[in-house]
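Reviewing the structure listed below.
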Amino acid sequence: MLLTFVSTFITTRSKENTVTMNGYSNYEKQFKSGHYFNIMLGVNAELYKYRNLTGIMQGLINPSVPTLNTATTNPEAQGGYSHWANLGYFGRLNYNYKEKYLFEVNLRYDGSSRFIGDKRWALFPSFSLGWNLARESFIDLDYVDNLKVRASWGQLGNMNTTSFYPFYSSIPMTTQGGYWLIDGQKPNISGMPGIVSSNMTWERISSWNIGLDWGLFNNRLTGSFDYFIRKTTDMIGPAPELPATLGTAVPKINNTDMKSQGFELEIGWRDHIRDFSYGVKFSLSDARQTITKYPNETKSLSMAWYPGKTYGEIWGYETIGIAKSDEEMNDHLSRVDQSQLGTEWAAGDIMYADLDEDGVITTGSNTADDPGDLKIIANTTPRFRYGISADAAWKGFDLRVFLQGVGKRDYVPGAGASFFWGATGAYNTSVGFEEHWDFFRPEGDPLGANLDSYYPRPLFNTYKNQQIQSKYVQSAAYLRLKNLQFGYTLPKSLTQGWGIQSLRFYVSGENLLTFTKLAGMFDPEMINGNMNDGYVYPLNKTISIGFNLNF
């Protein structure tokens, strides 16, 4: 027997350059009457270039000397060049009168090489108004240091498409990719180019904002509140669904509008009592997004978006419960046909609710207006994000604490989420954690009966019990102690004699405590709402000891 070993050597070289230029000129004028003007004009430009070259050869003479020169057969070279460029002009005018009335207006005129023709350039204006009530004579309160009401409106553009040249049609080519021989070699092949859109242009983001800033009691109590409404128009959304007879992929275009609204709140207190100083800050924010326009007139649920969809919503079945006996399941099946989801229904299986009362569990027309027995059961968007930070210091000792969390978020494992379900559709993708022992077991089971189980009976080669459903909506809300740090700084009277400006010793802990109702095999900060959740390591608890030394 003759054994042949083919050794391949591949070498790749790449070069990446980013050139950025910013220039601006500023003029300001302060009048004795209290009027103040500031004018700025500027330009910024960006140029990105990328080049790569790859050489491939087989049949190395000596594997210990891997180079192209020491290989003998099948030479191949690959390479390419790409770039993009942006150019923008901007201007800003600021005005205020005795720090009482404030006004600002901005203009940007931006162009991008990612678009073509009259789609390349766009103008983005913005303005803001502010009124500091604390400077008014009718607010004659000693404890009010700052009380500013403000409002703003503005537009920004986004041009970050996935392709550098989305308007060029390119022919896919494969070297020696044929399945037949011509003169002893495979021929090069090419395919039909996909459809491109020459109408792709900037996404335009328009934002309304009203807010309030305050500082009270010699600015010991400070805070701010903002409420915003943001509308994204001409957003590049998923490609619309077209008949398969088109014969090629549908290009992405500016086909979507989206509305966002929410608020941000921050409150802080800082004070000291003799040698003891302390401070605490609380922040809370929330936002929701709704699709207001998208080319899905039927509101099909098989497409990613439809008009009126709230971002993050999950459609699923409503769960009646787990049948505790064959008789209970048969009684349910006498009224509701679940055959479209599976067969051989028995004790330990899921009973689904017939929401449209037609006697059959279906998805109807699979549209938002006719979902059959589907309904919105959850939303994966994190809501009410909050953070709490506190610090204190006393005679060289210091303590810092930071907590963060999410007040509301749903997590819905899919049918293939093996780390949630344990027993999934195949043996090789199934797992067995401690949580999975809470599965259905009938009377007389060697492991003991468990009629009020959380999980249905473990089945393989079927997903009938693992449909997305209300019973298994998890709460992903959490509170986590992100950081706790305790330190001590040696007195300067001691360190200065050693030529040291400051010396601080500390102990710090990261991710020390987490409070959540989420299943134990998940980390609330590491879930993304897909079937691969649980396949990643959770955030580690870390304790470190160190010192900061400044000379």
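Ligands are numbered from 1 in the order shown, chains are lettered A, B, ... in the order of the structure tokens, and residues start at 1 in each chain.
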
Query - Sel. of strand (DSSP E or B) residues, stretch 40-111 of chain A, as number ranges by chain - result: A: 40-60, 71-97, 101-111

Requested in this report: Fewer than 5 positions away in the same chain doesn't count, so skip those; otherwise give me all residues within 9 Å of A:Pro442, counting only C-alpha atoms, as a ChimeraX atom specification.
Outcome: /A:324-325,347-348,448-451

Next, dump the selected residues to file, keeping only all heavy atoms, as a compact mmCIF listing (two decimals), in the first residue's frame.
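Contents of selection.txt, as written:
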```txt
# COMPACT_ATOMS: atom_id res chain seq x y z
N LYS A 324 -51.70 15.13 33.86
CA LYS A 324 -51.23 14.27 34.94
C LYS A 324 -51.59 12.80 34.72
O LYS A 324 -51.10 11.93 35.44
CB LYS A 324 -51.80 14.75 36.27
CG LYS A 324 -51.34 16.17 36.65
CD LYS A 324 -51.91 16.60 37.99
CE LYS A 324 -51.46 18.01 38.34
NZ LYS A 324 -51.99 18.46 39.66
N SER A 325 -52.45 12.55 33.76
CA SER A 325 -52.85 11.16 33.47
C SER A 325 -53.27 11.06 32.02
O SER A 325 -53.56 12.08 31.36
CB SER A 325 -54.00 10.74 34.38
OG SER A 325 -55.16 11.51 34.11
N ALA A 347 -49.99 11.10 29.23
CA ALA A 347 -49.67 11.75 30.50
C ALA A 347 -48.23 12.27 30.46
O ALA A 347 -47.32 11.61 29.97
CB ALA A 347 -49.84 10.76 31.64
N GLY A 348 -48.05 13.47 30.98
CA GLY A 348 -46.73 14.09 30.98
C GLY A 348 -46.50 15.02 29.81
O GLY A 348 -45.45 15.67 29.75
N GLY A 448 -39.64 7.79 41.53
CA GLY A 448 -40.64 8.46 42.35
C GLY A 448 -41.55 9.32 41.50
O GLY A 448 -41.11 9.93 40.53
N ALA A 449 -42.81 9.39 41.86
CA ALA A 449 -43.79 10.17 41.10
C ALA A 449 -43.51 11.66 41.23
O ALA A 449 -43.07 12.14 42.27
CB ALA A 449 -45.20 9.84 41.57
N ASN A 450 -43.78 12.39 40.15
CA ASN A 450 -43.65 13.84 40.15
C ASN A 450 -44.72 14.39 39.20
O ASN A 450 -44.46 14.74 38.05
CB ASN A 450 -42.25 14.26 39.69
CG ASN A 450 -42.03 15.76 39.84
OD1 ASN A 450 -42.79 16.45 40.53
ND2 ASN A 450 -40.99 16.29 39.20
N LEU A 451 -45.97 14.46 39.72
CA LEU A 451 -47.10 14.85 38.89
C LEU A 451 -47.19 16.36 38.71
O LEU A 451 -47.79 16.84 37.75
CB LEU A 451 -48.41 14.32 39.50
CG LEU A 451 -48.50 12.80 39.68
CD1 LEU A 451 -49.86 12.41 40.24
CD2 LEU A 451 -48.24 12.07 38.37
```

Query raised in the report: Which residues in stretch 252-464 of chain A does DSSP call helix (DSSP H, G or I)? List them as a ChimeraX atom specification.
Result: /A:326-333,418-421,427-429,434-437

**Report entry** stretch 275-284 of chain A environment, 10 Å, only C-alpha atoms, sequence neighbours closer than 4 positions dropped, as a count of residues only
**Finding:** 40

**Report entry** Pick from A:Phe164, A:Ser64, A:Leu156, A:Ile171 nearest to A:Lys49, counting only C-alpha atoms
**Finding:**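 Among the listed residues, the smallest separation from A:Lys49 belongs to A:Phe164.
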
**Report entry** 10 Å contact set for stretch 35-41 of chain A, only C-alpha atoms, chain neighbours under 3 positions out, as a list in words
**Finding:** Gly23, Tyr24, Ser25, Asn26, Tyr27, Glu28, Lys29, Gln30, Phe31, Lys32, Tyr89, Phe90, Gly91, Arg92, Leu93, Asn94, Tyr95, Asn96, Tyr97, Lys98, Glu99, Tyr101, Leu102, Phe103, Glu104, Val105, Asn106 and Leu107 of chain A

Requested in this report: For A:Ser430, please output as a ChimeraX atom specification all residues within 12 Å (counting only C-alpha atoms; exclusion window: fewer than 6 positions along the same chain).
Outcome: /A:415-424,436,458-461

Query - Residue neighbourhood A:Pro371, 12 Å, only C-alpha atoms, exclusion window fewer than 3 positions, as a PyMOL selection string - result: chain A and resi 298-302+315-317+354-356+361-368+374-376
